[in-house]
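In what follows, a structure is listed as structure tokens, so that the remarks can point back to it.
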Amino acid sequence: MKKTIIFLLIIPFLVIGDEGKSHYLKAKAYEKSKDFYSAIIEYKKALLKDPDSIELKTSLAFAYLYNHEEDLALKVFLSIAKTKPEIWHTIGRICVKQKRYKSAIEAYNQALKIKENTIILYDLAEAYLFAKKIDGAISTYKRIIELSPKEEPALLSLGLIYDKEKKIKDAIEIYEKILSINPNNTFAIKRLILYNMSKNPESSEKLSLILLEKEKSPESYLLLGISLEKNKKEREAEKCYRRTVELGLKEGFVRLGWLLFKNERDDEGLKLAKEGLERFPEDFSLLVLYGVLLSQKKEHQRAISIFKDLLKRNPNDDYLYFQLGVAYDGLLNKNWAIKYLYKAIRLNPKNSAGYNYIGYTWVEEGKNLNRAMRLIEKALEIEPDNPAYIDSLGWCYYKMGNLDLALSLLLKAYNLKNDDPVILEHIGDVYNDKGMKKEAEKFLNLSLDKFKEERDKERIRKKF
């Protein structure tokens with residue numbers, strides 16, 4: 001090491017001449033003690049003796065840089081760049097620090113004319129990202145991969161860009177390539193699990209099992225649970241979610257809570273939500289879950305209080321307004337319910353549940369039927385195969401006296417969901433009005449078997 005240092009010191013002496021040696025040595029000594037201000041003075045004195053010395057100018061520029069005088073450093077570096085082109089890389093880094101990304105990109109490209117270098121290419125890609133020139137960043141990462149096809153950091157960076165740009169097909173291709181290079185890359189596995197959740201849940205489940213073998217973390221159990229739930233394996237999913245709860249994962253409480261709600265296990269859901277809120281008292285998702293479960297248990301006033309508090313923090317959340325409307329409907333305050341439901345669909349014109357809820361509310365009251373029909377049809381434009389919305393439209397036609405069209409729609413809803421007591425009851429009522437008593441009795445009996453609330457059962461019994 002000492003021999004190398006001596007060699008580096010001797011070379012400039014040969015170039016800058018004897019007269020500049022003393023000042024040069026002093027400058028180096030000052031640099032060593034981190035007194036860059038004094039080093040700059042000595043380099044300037046040396047340059048008065050040898051004004052054409054590239055080595056002295058280079059040393060002066062770096063001293064400026066170490067002294068946080070980037071503008072002066074950049075000026076000197078630019079003056080020697082033609083003679084010493086390898087300095088373009090340093091120029092680029094200074095420009096990035098100064099947020100002069102366009103200049104940085106130009107400097108890095110100048111440096112790359114000398115030789116394709118992955119370090120410079122990474123810096124160039126970063127500069128493109130800072131400049132929000134996504135295409136430039138993508139093409140640069142691709143250049144790195146061409147130079148080094150198994151370069152995982154470049155592949156991961158490219159995958160993340162595709163994630164952000166929602167280029168799903170490209171992202172999947174990149175993450176699959178990463179796994180072909182390194183099957184233990186858990187980040188790539190997780191991304192592929194998420195991408196496969198909707199369209200290929202079986203693949204998502206297989207990947208989740210692989211992930212769990214490699215990493216028994218709360219997140220791994222959560223991803224497996226979601227995959228299992230997507231594959232309609234709810235018992236297995238519940239076990240995974242309960243494991244995440246044991247491990248203290250907040251998302252586990254939320255996922256398990258909604259699963260319990262979905263399966264009408266509201267008491268268990270409420271207990272779980274309370275436990276979760278004891279650990280995460282201000283968590284938004286848990287508070288929403290708690291409010292929905294309270295509303296389901298007919299504790300509407302408490303639910304309203306929660307949703308109103310959450311709206312103070314999230315005043316433009318259409319889902320909160322929707323749930324607030326549902327809670328007011330539970331209190332039989334239809335005017336306030338409609339007001340908040342309309343607020344939900346104004347905030348989010350894609351809120352299909354809001355359109356349907358308003359429409360069905362009016363249908364049940366037997367008023368505003370034309371407007372109700374338009375709202376329900378709007379909901380069906382967004383979700384054309386939703387059996388609840390098809391039922392609402394069929395029930396609207398029933399209220400308007402069009403029994404044949406009503407029955408056609410209600411049977412379509414039944415074919416999509418044959419265990420919904422409300423759909424079954426509606427079909428029974430239409431058959432009854434058409435004088436088809438045998439068919440009416442069949443569907444009303446099916447409805448009676450499905451209803452859990454005693455008051456609903458009593459309503460059905462009165463129809464026989």
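Every chain in the structure tokens takes a letter, A first, then B, and so on in the order presented; its residues are numbered from 1, and the ligands are numbered from 1 following the presented order.
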
Open item on the list: I need the residues in region 80-327 of chain A that are alpha helix (DSSP H) according to DSSP; give them as a ChimeraX atom specification.
Closed with: /A:80,88-97,101-114,118-130,134-147,152-164,168-181,186-199,201-214,218-230,234-246,250-262,266-279,284-296,300-313,318-327

TODO: For region 309-314 of chain A, please output as a PyMOL selection string all residues within 12 Å (counting only C-alpha atoms; exclusion window: fewer than 4 positions along the same chain).
DONE: chain A and resi 282-291+302-305+318-324+340+344

- [ ] Figure out the distance between CA of Pro85 (chain A) and CA of Ser157 (chain A), please, to one decimal in Å.
- [x]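 Going from CA of Ser157 (chain A) over to CA of Pro85 (chain A), I get 28.3 Å.
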
Open item on the list: Could you list, as a ChimeraX atom specification, every residue within 12 Å of region 347-358 of chain A, counting only C-alpha atoms and ignoring same-chain residues fewer than 6 positions away?
Closed with: /A:315-326,329,334-341,364-365,367-369,371-393,395-396

Task: For Ala104 (chain A), the nearest of the candidates A:His89, A:Lys230, A:Lys297, A:Lys206, counting only C-alpha atoms - done: A:His89

Open item on the list: So that I can check the surroundings of Trp88 (chain A), please list as an MDAnalysis selection string every protein, DNA and RNA residue that reaches within 7 Å of it, counting only C-alpha atoms and ignoring chain neighbours fewer than 4 positions away.
Closed with: chainID A and resid 81 92 107:108 110:111

TODO: For CA of Ser33 (chain A) and CA of Ser79 (chain A), determine how far apart the two atoms are, in Å to one decimal place.
DONE: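 Distance reported for this atom pair: 27.4 Å.
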
Task: Interatomic distance (Å, one decimal) between CA of Ile226 (chain A) and CA of Asn263 (chain A) - done: 15.4 Å

TODO: Tell me, as a list in words, which residues lie within 12 Å of Lys99 (chain A), counting only C-alpha atoms; anything in the same chain fewer than 2 positions away does not count.
DONE: Glu70, Gly92, Arg93, Ile94, Cys95, Val96, Lys97, Tyr101, Lys102, Ser103, Ala104, Ile105, Glu126, Ala127, Tyr128, Leu129, Phe130 and Ala131 of chain A

TODO: Within 12 Å of Glu246 (chain A), counting only C-alpha atoms, which residues show up once you throw out same-chain ones fewer than 4 positions away? Write them as a list in words, please.
DONE: Ser217, Pro218, Tyr221, Leu222, Lys239, Cys240, Tyr241, Arg242, Lys250, Glu251, Gly252, Phe253, Leu256, Leu272, Glu275 and Gly276 of chain A
